[in-house]
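S.K.: If it helps, the file is called start-v4.cif and holds mmCIF, C-alpha atoms:
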```
data_coords
loop_
_atom_site.label_atom_id
_atom_site.label_comp_id
_atom_site.auth_asym_id
_atom_site.auth_seq_id
_atom_site.Cartn_x
_atom_site.Cartn_y
_atom_site.Cartn_z
CA MET A 1 0.00 0.00 0.00
CA ALA A 2 1.18 3.51 -0.80
CA ASP A 3 1.84 5.92 2.08
CA ALA A 4 -1.65 6.66 3.32
CA GLY A 5 -0.91 9.26 5.99
CA LYS A 6 -4.07 10.73 7.49
CA THR A 7 -6.43 9.29 4.91
CA TYR A 8 -9.67 7.46 5.53
CA TYR A 9 -12.17 5.31 3.68
CA LEU A 10 -15.73 5.43 5.04
CA LEU A 11 -18.36 2.78 4.33
CA ASN A 12 -21.83 3.83 5.50
CA LEU A 13 -24.48 1.16 5.98
CA GLY A 14 -28.10 1.36 7.09
CA CYS A 15 -30.70 4.07 7.29
CA ALA A 16 -30.74 7.82 6.71
CA LYS A 17 -30.15 8.47 10.40
CA ASN A 18 -27.01 6.37 10.19
CA LEU A 19 -25.97 8.30 7.09
CA VAL A 20 -26.11 11.55 9.06
CA GLU A 21 -24.00 10.01 11.82
CA GLY A 22 -21.50 8.90 9.19
CA GLU A 23 -21.42 12.44 7.80
CA HIS A 24 -20.51 13.67 11.27
CA LEU A 25 -17.78 11.06 11.66
CA ALA A 26 -16.35 12.19 8.33
CA GLY A 27 -16.67 15.80 9.43
CA LEU A 28 -14.63 15.12 12.56
CA LEU A 29 -11.87 13.52 10.51
CA LEU A 30 -11.80 16.27 7.87
CA ALA A 31 -11.68 18.98 10.53
CA ASP A 32 -8.68 17.20 12.04
CA GLY A 33 -6.77 17.26 8.76
CA TRP A 34 -7.67 13.84 7.38
CA GLN A 35 -8.44 13.31 3.70
CA ALA A 36 -11.13 11.05 2.25
CA VAL A 37 -10.20 8.45 -0.38
CA GLU A 38 -12.46 6.28 -2.50
CA GLU A 39 -10.33 3.12 -2.48
CA PRO A 40 -9.69 1.14 0.71
CA SER A 41 -6.16 0.31 -0.41
CA LYS A 42 -5.21 4.00 -0.28
CA ALA A 43 -6.56 4.65 3.23
CA GLY A 44 -4.76 4.60 6.51
CA LEU A 45 -8.08 4.31 8.33
CA LEU A 46 -10.88 1.96 7.29
CA LEU A 47 -14.12 3.08 8.95
CA VAL A 48 -17.34 1.07 8.73
CA ASN A 49 -20.46 2.74 10.12
CA THR A 50 -22.83 -0.17 10.68
CA CYS A 51 -26.51 -0.98 11.07
CA GLY A 52 -27.59 -3.67 13.52
CA PHE A 53 -31.36 -3.24 13.58
CA ILE A 54 -32.35 -6.62 12.09
CA GLN A 55 -30.50 -9.83 11.31
CA PRO A 56 -30.09 -9.17 7.56
CA ALA A 57 -28.44 -5.83 8.40
CA VAL A 58 -26.18 -7.54 10.94
CA GLU A 59 -25.10 -10.08 8.31
CA GLU A 60 -24.48 -7.34 5.73
CA ALA A 61 -22.34 -5.40 8.20
CA LEU A 62 -20.27 -8.41 9.23
CA GLU A 63 -19.69 -9.36 5.60
CA ALA A 64 -18.51 -5.83 4.78
CA ILE A 65 -16.23 -5.72 7.81
CA LEU A 66 -14.61 -9.06 6.99
CA GLU A 67 -14.12 -8.07 3.34
CA LEU A 68 -12.19 -5.00 4.46
CA ALA A 69 -10.31 -7.05 7.05
CA ASP A 70 -9.11 -9.39 4.30
CA LEU A 71 -7.70 -6.39 2.40
CA LYS A 72 -6.24 -4.70 5.47
CA CYS A 73 -2.47 -4.18 5.66
CA ASP A 74 -0.37 -3.92 8.80
CA ASP A 75 -0.23 -0.13 8.64
CA GLN A 76 -3.99 0.29 8.32
CA ARG A 77 -6.52 0.54 11.14
CA LEU A 78 -10.02 -0.91 10.92
CA VAL A 79 -12.66 0.89 12.97
CA VAL A 80 -16.20 -0.46 13.32
CA ALA A 81 -18.80 2.06 14.51
CA GLY A 82 -22.56 2.31 14.81
CA CYS A 83 -25.53 0.21 15.80
CA LEU A 84 -23.85 -3.17 15.40
CA VAL A 85 -21.41 -2.21 18.15
CA GLY A 86 -24.20 -0.75 20.26
CA ARG A 87 -26.06 -4.05 20.09
CA TYR A 88 -23.22 -6.59 20.25
CA GLY A 89 -20.24 -4.62 21.55
CA LYS A 90 -18.79 -7.07 24.08
CA LYS A 91 -19.39 -10.05 21.85
CA LEU A 92 -17.73 -8.28 18.91
CA ALA A 93 -14.71 -7.47 21.04
CA THR A 94 -14.24 -11.21 21.48
CA ASP A 95 -15.37 -12.48 18.08
CA LEU A 96 -13.97 -9.77 15.82
CA PRO A 97 -10.22 -9.48 16.50
CA GLU A 98 -9.74 -7.97 13.04
CA ALA A 99 -11.15 -4.63 14.27
CA ASP A 100 -8.70 -2.23 15.90
CA LEU A 101 -11.46 -0.14 17.46
CA LEU A 102 -15.15 -0.77 18.15
CA LEU A 103 -17.13 2.42 18.62
CA ALA A 104 -20.70 2.35 19.98
CA PRO A 105 -23.13 5.15 19.04
CA GLY A 106 -22.77 6.90 22.38
CA GLU A 107 -19.03 7.25 21.80
CA ALA A 108 -19.19 8.40 18.16
CA PRO A 109 -18.55 12.10 18.97
CA ARG A 110 -15.27 11.04 20.64
CA LEU A 111 -13.88 9.31 17.54
CA LEU A 112 -10.70 11.42 17.42
CA ALA A 113 -9.96 10.88 21.09
CA HIS A 114 -10.33 7.12 20.73
CA LEU A 115 -8.10 7.08 17.65
CA ALA A 116 -5.43 8.91 19.61
CA ALA A 117 -5.75 6.69 22.68
CA PRO A 118 -7.63 3.43 21.96
CA PRO A 119 -9.59 2.08 24.93
CA ALA A 120 -8.62 -1.07 26.73
CA GLY A 121 -10.00 -4.07 24.94
CA ARG A 122 -10.56 -2.02 21.78
CA LEU A 123 -14.19 -1.38 22.78
CA ALA A 124 -15.54 2.13 23.39
CA ILE A 125 -19.07 1.72 24.67
CA SER A 126 -21.29 3.71 26.99
CA PRO A 127 -25.00 4.38 27.45
CA PRO A 128 -26.23 6.16 24.31
CA ARG A 129 -26.46 9.72 25.63
CA ALA A 130 -24.24 11.77 23.31
CA LEU A 131 -25.81 13.31 20.22
CA PHE A 132 -24.19 15.22 17.38
CA GLY A 133 -25.39 18.82 17.18
CA GLY A 134 -25.37 21.64 14.70
CA ALA A 135 -21.96 22.90 15.83
CA ASP A 136 -20.30 19.54 15.17
CA PRO A 137 -18.48 19.17 11.84
CA ARG A 138 -20.48 17.43 9.13
CA ALA A 139 -19.45 16.40 5.62
CA LEU A 140 -22.60 16.24 3.49
CA SER A 141 -22.77 13.16 1.28
CA THR A 142 -26.18 13.74 -0.27
CA GLY A 143 -26.71 15.29 -3.66
CA PRO A 144 -26.88 19.03 -4.41
CA GLY A 145 -29.91 20.80 -3.07
CA TRP A 146 -31.03 18.42 -0.33
CA ALA A 147 -29.99 16.99 3.01
CA TYR A 148 -31.27 15.11 6.01
CA LEU A 149 -31.83 16.94 9.30
CA ARG A 150 -31.62 14.57 12.23
CA VAL A 151 -33.74 16.02 15.00
CA ALA A 152 -33.49 13.36 17.73
CA ASP A 153 -32.05 10.00 18.65
CA GLY A 154 -33.46 7.05 20.58
CA CYS A 155 -37.06 6.00 20.99
CA ALA A 156 -39.70 6.19 23.72
CA ASN A 157 -41.92 3.53 22.17
CA SER A 158 -41.79 -0.16 23.00
CA CYS A 159 -42.79 -2.04 19.87
CA ALA A 160 -42.44 -5.74 20.58
CA PHE A 161 -40.36 -6.50 17.48
CA CYS A 162 -37.89 -3.58 17.69
CA THR A 163 -34.32 -3.40 19.00
CA ILE A 164 -33.90 0.38 18.64
CA PRO A 165 -34.55 1.35 22.30
CA HIS A 166 -31.89 -1.16 23.35
CA ILE A 167 -29.37 0.05 20.77
CA ARG A 168 -30.09 3.77 20.72
CA GLY A 169 -31.55 4.35 24.18
CA PRO A 170 -34.46 6.61 25.17
CA LEU A 171 -35.68 9.57 23.15
CA ARG A 172 -33.24 12.49 23.15
CA SER A 173 -34.39 15.52 21.20
CA ARG A 174 -32.13 18.29 19.97
CA HIS A 175 -33.01 21.79 21.11
CA LEU A 176 -35.00 23.90 18.68
CA ASP A 177 -32.36 26.66 18.45
CA ASP A 178 -29.68 24.11 17.57
CA LEU A 179 -31.80 22.63 14.79
CA LEU A 180 -32.65 26.06 13.37
CA ALA A 181 -28.99 27.05 13.36
CA GLU A 182 -28.05 23.90 11.46
CA ALA A 183 -30.90 24.35 9.00
CA GLU A 184 -29.76 27.91 8.33
CA SER A 185 -26.22 26.66 7.71
CA LEU A 186 -27.54 24.04 5.29
CA ALA A 187 -29.60 26.67 3.47
CA ALA A 188 -26.47 28.80 3.09
CA LEU A 189 -24.84 25.79 1.38
CA GLY A 190 -27.64 25.65 -1.18
CA VAL A 191 -29.86 23.05 0.48
CA ARG A 192 -33.45 23.57 -0.64
CA GLU A 193 -35.03 20.38 0.68
CA LEU A 194 -34.80 19.19 4.28
CA ASN A 195 -35.83 15.64 5.12
CA LEU A 196 -36.43 15.35 8.85
CA VAL A 197 -35.38 12.03 10.41
CA ALA A 198 -35.25 10.43 13.85
CA GLN A 199 -35.99 7.06 15.34
CA ASP A 200 -39.09 8.62 16.90
CA LEU A 201 -39.73 11.80 14.90
CA THR A 202 -43.35 12.24 15.94
CA SER A 203 -42.33 12.45 19.61
CA TYR A 204 -39.81 15.22 18.98
CA GLY A 205 -39.56 17.60 21.94
CA ARG A 206 -41.61 15.59 24.41
CA ASP A 207 -38.54 14.74 26.47
CA LEU A 208 -37.59 18.42 26.68
CA GLY A 209 -41.04 19.62 27.65
CA GLY A 210 -40.78 22.24 24.93
CA PRO A 211 -41.81 22.77 21.32
CA GLY A 212 -42.97 19.66 19.49
CA LEU A 213 -42.75 18.58 15.87
CA ALA A 214 -45.51 20.92 14.68
CA GLU A 215 -43.69 23.91 16.16
CA LEU A 216 -40.39 22.73 14.67
CA LEU A 217 -41.93 22.46 11.21
CA ARG A 218 -43.30 26.00 11.41
CA ALA A 219 -39.97 27.37 12.63
CA LEU A 220 -38.02 25.64 9.86
CA ALA A 221 -40.46 27.03 7.30
CA SER A 222 -39.40 30.56 8.27
CA ILE A 223 -35.83 30.00 7.05
CA ASP A 224 -34.99 31.73 3.78
CA GLY A 225 -33.76 29.34 1.09
CA ILE A 226 -35.48 26.25 2.46
CA GLU A 227 -38.35 25.45 0.10
CA TRP A 228 -39.38 21.86 0.88
CA ILE A 229 -39.56 20.26 4.34
CA ARG A 230 -40.46 16.58 4.50
CA PRO A 231 -41.02 14.84 7.88
CA LEU A 232 -40.21 11.16 7.55
CA TYR A 233 -41.62 8.42 9.82
CA LEU A 234 -44.74 9.72 11.57
CA HIS A 235 -45.68 7.11 14.15
CA PRO A 236 -49.39 6.31 13.73
CA ASP A 237 -49.96 5.90 17.47
CA ILE A 238 -48.71 9.44 18.16
CA ILE A 239 -49.68 11.58 15.17
CA ASP A 240 -52.52 13.95 16.02
CA GLU A 241 -54.79 16.49 14.34
CA ALA A 242 -52.51 19.41 15.22
CA LEU A 243 -49.57 17.83 13.41
CA ILE A 244 -51.68 16.83 10.41
CA THR A 245 -53.03 20.39 10.18
CA THR A 246 -49.52 21.85 10.32
CA VAL A 247 -48.30 19.57 7.52
CA LEU A 248 -51.27 20.52 5.34
CA ASP A 249 -51.37 24.25 6.14
CA GLU A 250 -47.67 25.16 5.94
CA PRO A 251 -46.79 25.66 2.24
CA LYS A 252 -43.14 24.68 2.64
CA VAL A 253 -43.98 21.38 4.36
CA THR A 254 -44.64 18.75 1.72
CA ASP A 255 -48.03 17.02 1.81
CA TYR A 256 -46.22 13.75 2.45
CA PHE A 257 -47.31 11.42 5.23
CA ASP A 258 -44.90 8.60 6.01
CA LEU A 259 -47.00 6.40 8.31
CA PRO A 260 -45.32 3.11 9.35
CA LEU A 261 -48.57 1.28 10.09
CA GLN A 262 -46.91 -2.18 10.10
CA HIS A 263 -50.22 -4.06 9.89
CA ALA A 264 -54.01 -3.77 9.86
CA ALA A 265 -55.19 -6.91 11.72
CA ASP A 266 -55.89 -6.37 15.40
CA PRO A 267 -54.28 -9.63 16.66
CA VAL A 268 -51.02 -8.70 14.93
CA LEU A 269 -51.13 -5.08 16.07
CA ARG A 270 -51.65 -6.24 19.66
CA ALA A 271 -48.75 -8.68 19.39
CA MET A 272 -46.60 -5.86 18.03
CA GLY A 273 -47.45 -3.64 20.99
CA ARG A 274 -49.19 -1.06 18.81
CA ARG A 275 -51.95 0.98 20.43
CA ARG A 276 -54.26 1.84 17.55
CA SER A 277 -56.60 -0.79 16.14
CA GLY A 278 -57.01 -1.65 12.48
CA SER A 279 -60.24 0.37 12.28
CA GLU A 280 -58.51 3.37 13.84
CA LEU A 281 -55.70 3.12 11.30
CA ARG A 282 -58.27 3.01 8.51
CA GLU A 283 -59.88 6.16 9.84
CA LEU A 284 -56.48 7.87 10.14
CA VAL A 285 -55.72 7.24 6.47
CA ARG A 286 -59.24 8.12 5.34
CA GLY A 287 -59.14 11.33 7.38
CA ILE A 288 -55.95 12.47 5.67
CA ARG A 289 -57.39 11.56 2.26
CA ARG A 290 -60.55 13.56 2.99
CA ALA A 291 -58.60 16.59 4.20
CA ALA A 292 -56.03 16.50 1.39
CA PRO A 293 -56.77 14.28 -1.62
CA GLN A 294 -53.54 15.54 -3.18
CA ALA A 295 -51.37 14.32 -0.29
CA THR A 296 -48.84 11.54 -0.78
CA LEU A 297 -49.29 8.65 1.65
CA ARG A 298 -46.52 6.19 2.32
CA THR A 299 -46.53 3.24 4.69
CA THR A 300 -44.28 0.41 5.81
CA LEU A 301 -45.64 -3.04 6.58
CA LEU A 302 -44.23 -6.04 8.44
CA VAL A 303 -45.54 -9.45 7.35
CA GLY A 304 -45.04 -12.81 9.04
CA HIS A 305 -45.06 -11.34 12.55
CA PRO A 306 -46.43 -13.48 15.40
CA GLY A 307 -50.20 -13.43 15.33
CA GLU A 308 -50.44 -13.34 11.53
CA GLY A 309 -52.30 -16.30 10.13
CA GLU A 310 -53.92 -16.59 6.72
CA ARG A 311 -56.97 -14.67 7.91
CA GLU A 312 -54.89 -11.77 9.24
CA PHE A 313 -52.80 -11.64 6.08
CA ALA A 314 -55.94 -11.60 3.93
CA LEU A 315 -57.21 -8.66 5.98
CA LEU A 316 -53.90 -6.85 5.39
CA LYS A 317 -54.18 -7.38 1.64
CA GLU A 318 -57.72 -6.01 1.69
CA PHE A 319 -56.47 -3.01 3.64
CA VAL A 320 -53.71 -2.27 1.11
CA ALA A 321 -56.14 -2.60 -1.79
CA GLU A 322 -58.67 -0.33 -0.09
CA MET A 323 -56.29 2.40 1.13
CA GLU A 324 -54.31 2.62 -2.14
CA PHE A 325 -51.11 4.04 -0.67
CA ASP A 326 -48.99 6.07 -3.06
CA ARG A 327 -45.81 4.49 -1.69
CA LEU A 328 -45.40 1.26 0.26
CA GLY A 329 -42.55 -0.81 1.57
CA VAL A 330 -42.92 -4.28 3.09
CA PHE A 331 -40.50 -6.43 5.06
CA PRO A 332 -40.71 -10.06 6.14
CA TYR A 333 -40.50 -10.40 9.90
CA SER A 334 -37.13 -11.28 11.39
CA PRO A 335 -37.13 -12.45 15.04
CA GLU A 336 -34.55 -10.42 16.94
CA ALA A 337 -32.98 -11.75 20.13
CA GLY A 338 -34.04 -9.82 23.21
CA THR A 339 -37.36 -8.59 21.81
CA ARG A 340 -40.77 -9.67 23.08
CA SER A 341 -41.81 -10.81 19.61
CA ALA A 342 -38.93 -13.27 19.43
CA ARG A 343 -40.54 -15.23 22.28
CA MET A 344 -43.76 -15.76 20.30
CA PRO A 345 -44.41 -18.35 17.57
CA ALA A 346 -44.31 -16.90 14.07
CA PRO A 347 -44.97 -18.15 10.53
CA PRO A 348 -41.96 -19.77 8.81
CA PRO A 349 -39.56 -17.31 7.09
CA ALA A 350 -40.46 -18.71 3.67
CA VAL A 351 -44.12 -17.90 4.31
CA ALA A 352 -43.25 -14.36 5.41
CA ALA A 353 -41.13 -13.83 2.29
CA GLN A 354 -43.91 -15.14 0.06
CA ARG A 355 -46.45 -12.84 1.70
CA ALA A 356 -44.14 -9.85 1.25
CA GLY A 357 -43.95 -10.63 -2.46
CA ARG A 358 -47.74 -10.81 -2.74
CA ILE A 359 -48.15 -7.41 -1.08
CA MET A 360 -45.59 -5.84 -3.40
CA ASP A 361 -47.28 -7.35 -6.46
CA LEU A 362 -50.49 -5.68 -5.36
CA GLN A 363 -48.78 -2.38 -4.56
CA ARG A 364 -47.02 -2.32 -7.94
CA ARG A 365 -50.38 -2.29 -9.68
CA ILE A 366 -51.70 0.40 -7.34
CA SER A 367 -48.63 2.56 -7.82
CA ARG A 368 -48.75 2.30 -11.61
CA ARG A 369 -52.42 3.28 -11.62
CA ARG A 370 -51.96 6.27 -9.30
CA LEU A 371 -48.89 7.54 -11.14
CA ALA A 372 -50.66 7.26 -14.50
CA ALA A 373 -53.00 10.06 -13.39
CA LEU A 374 -50.00 12.43 -13.34
CA GLU A 375 -49.24 12.13 -17.05
CA GLY A 376 -49.50 15.55 -18.65
CA ALA A 377 -49.26 17.41 -15.33
CA THR A 378 -46.61 20.05 -14.64
CA LEU A 379 -44.90 19.57 -11.27
CA PRO A 380 -41.99 21.23 -9.48
CA VAL A 381 -39.00 18.86 -9.45
CA LEU A 382 -35.77 18.99 -7.48
CA VAL A 383 -33.06 18.33 -10.07
CA LEU A 384 -30.50 15.82 -8.75
CA GLY A 385 -28.12 15.45 -11.70
CA PRO A 386 -27.22 12.41 -13.84
CA HIS A 387 -29.45 9.39 -13.27
CA PRO A 388 -27.76 6.75 -11.06
CA ASP A 389 -28.28 4.09 -13.75
CA SER A 390 -27.45 6.10 -16.88
CA ASP A 391 -25.51 9.24 -17.80
CA LEU A 392 -27.79 9.66 -20.82
CA VAL A 393 -30.64 11.07 -18.73
CA TRP A 394 -30.91 13.07 -15.54
CA ALA A 395 -32.98 12.43 -12.43
CA GLY A 396 -35.10 14.47 -10.07
CA ARG A 397 -37.76 14.16 -7.39
CA THR A 398 -41.17 15.70 -6.87
CA ARG A 399 -42.51 16.86 -3.50
CA GLY A 400 -44.16 13.44 -3.30
CA GLN A 401 -40.95 11.43 -3.71
CA ALA A 402 -38.71 10.98 -0.68
CA PRO A 403 -35.02 10.25 -1.25
CA GLU A 404 -33.80 6.66 -1.49
CA VAL A 405 -37.10 4.96 -0.69
CA ASP A 406 -39.36 6.27 -3.48
CA GLY A 407 -39.13 6.43 -7.25
CA LEU A 408 -37.52 9.17 -9.34
CA VAL A 409 -38.42 11.51 -12.16
CA ILE A 410 -36.39 10.49 -15.22
CA ILE A 411 -35.60 13.79 -16.94
CA THR A 412 -35.42 13.20 -20.69
CA GLU A 413 -35.48 16.81 -21.93
CA GLY A 414 -34.44 20.24 -20.70
CA THR A 415 -31.69 21.39 -18.38
CA ALA A 416 -31.37 22.96 -14.95
CA PRO A 417 -28.46 23.01 -12.50
CA PRO A 418 -28.35 20.22 -9.91
CA GLY A 419 -29.99 21.40 -6.72
CA ALA A 420 -32.47 23.66 -8.49
CA ILE A 421 -36.23 23.24 -8.28
CA ALA A 422 -37.72 23.54 -11.77
CA ASP A 423 -41.08 22.94 -13.39
CA CYS A 424 -41.31 19.61 -15.19
CA ARG A 425 -44.02 18.31 -17.51
CA ILE A 426 -44.70 14.62 -16.89
CA THR A 427 -44.58 12.80 -20.22
CA ALA A 428 -44.78 9.13 -19.15
CA THR A 429 -45.28 7.00 -16.05
CA HIS A 430 -44.07 3.58 -14.92
CA ASP A 431 -44.52 1.30 -11.89
CA TYR A 432 -42.67 3.64 -9.52
CA ASP A 433 -40.91 6.25 -11.70
CA LEU A 434 -42.06 9.19 -13.76
CA GLU A 435 -40.60 10.63 -16.95
CA GLY A 436 -40.61 14.31 -17.69
CA ALA A 437 -39.27 17.30 -19.59
CA LEU A 438 -38.01 20.39 -17.80
CA LEU A 439 -39.74 23.57 -18.92
#
```
As structure tokens - that is how I would like this structure written.
M.R.:
Amino acid sequence: MADAGKTYYLLNLGCAKNLVEGEHLAGLLLADGWQAVEEPSKAGLLLVNTCGFIQPAVEEALEAILELADLKCDDQRLVVAGCLVGRYGKKLATDLPEADLLLAPGEAPRLLAHLAAPPAGRLAISPPRALFGGADPRALSTGPGWAYLRVADGCANSCAFCTIPHIRGPLRSRHLDDLLAEAESLAALGVRELNLVAQDLTSYGRDLGGPGLAELLRALASIDGIEWIRPLYLHPDIIDEALITTVLDEPKVTDYFDLPLQHAADPVLRAMGRRRSGSELRELVRGIRRAAPQATLRTTLLVGHPGEGEREFALLKEFVAEMEFDRLGVFPYSPEAGTRSARMPAPPPAVAAQRAGRIMDLQRRISRRRLAALEGATLPVLVLGPHPDSDLVWAGRTRGQAPEVDGLVIITEGTAPPGAIADCRITATHDYDLEGALL
């Protein structure tokens, strides 16, 4: 390996919240004089920011770590950070000798200190209390014109299938002034779209006894330069009329409701530890549709969870067909050690996978039908730049398309600088994507 000096290679895995944490880790290194490289062989520091939420994510992280370990030279250091360490820290310290440092989420802000003086046993772990703030360095990795704004960490809910409270700890909200200062800094960098993320976004501010999510949305909307604000992951047990009204009434807040309903059958919802019944969830969705027919509704479902038999799955399919969500993601249940759900009998994994496929087949038809109604419309589009799959066309997103989880607008005609919001005439539609020409 060539002389790497203070160079690092960062591999980010997992969700958008993890991406933000990785951006902060990179920011710490850059502020300390390190340089980023795109090839592991040219880095003195190999940094993997992991997810450990579900077993497939654990397996992906371990595979990535071991691949880098196989390439690692004697003068390179391998650092493993993130949720995997928060969940399995002590076990990893024993089972993963290839790692030179294991950094749990609560210790992430002290990355530089741990690089300078590694802890005994290579494991830096503490209760997850620390939280990156607006004054901490951050190296944006998203495209021009948009960014994530992470407003809190941890979760106050106790869903039976979820490991997040164990990994990330209780809800810890950032103060409103800190968030506004960061949003203003992002706007000064040309960010036009803010996507708000947290493990428990809907509960923002409850731990501080101060402003909640509705107040945060209104305050962010007052910032010059910010044009779109999209709250992601609105917990259906917590969302209320005041928040729905704020989303619909504030012009800068996109009419986009990301409601992780998980299921619609009461026996499954009870087993999951959810508070609202299937009929209440139906009324929640119908109420939003009545108030704002133009709103984009997205949900996430979990199939194969304990309590789901053929009858409950059939009810879920009926629910999806009836509600006609604009966007939908579905995951087969994975029993996670230490959760209440893991102690209950569940359908076989093959059954869960098959059910997930059936839901997505149904949703594909719904999505194609709903998108077809947009052909001929003119919509504002955030221009992203060259399409990820082809340099021959560009890509963008409408207000109703969240980054990474929804489809794109394939821009076939017209030009605008990346990061700009421009009018686009929709010329064709597909299962999940749109095609359009910039005007």
S.K.: Return the single residue from A:Met272, A:Leu434, A:Ile244, A:Ala416 that is closest to Gly287 (chain A), with distances computed using only C-alpha atoms.
M.R.: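 So, comparing all the options, the nearest one is A:Ile244.
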S.K.: List the spatial neighbours of region 215-218 of chain A as a PyMOL selection string - criterion: any atom at most 9 Å away, all atoms listed in the file, same-chain residues fewer than 2 positions off excluded.
M.R.: chain A and resi 176+179-180+204-205+211-213+220-222+229+231+243+246-247+250+252-253
S.K.: Please, what distance in Å, to one decimal, runs between CA of Gln401 (chain A) and CA of Asp240 (chain A)?
M.R.: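 Taking CA of Gln401 (chain A) and CA of Asp240 (chain A), their separation equals 23.0 Å.
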S.K.: To test your reading of the syntax: which residues would the PyMOL selection byres ((chain A and resi 78) around 9) return for the file shown? Reply as a ChimeraX atom specification.
M.R.: /A:44-48,65,68-69,72,76-77,79-80,98-102
S.K.: I'd like to see the residues matched by the PyMOL selection byres ((chain A and resi 14) around 9) on this file, and ideally I'd get them as a list of chain:residue names.
M.R.: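 That expression, the PyMOL selection byres ((chain A and resi 14) around 9), corresponds here to A:Asn12, A:Leu13, A:Cys15, A:Ala16, A:Lys17, A:Asn18, A:Leu19, A:Asn49, A:Thr50, A:Cys51, A:Gly52, A:Phe53, A:Ala57, A:Ala61.
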S.K.: I'd like to see the residues matched by the PyMOL selection byres ((chain A and resi 86) around 8) on this file, and ideally I'd get them as a PyMOL selection string.
M.R.: chain A and resi 82-85+87-89+103-105+125+167-168
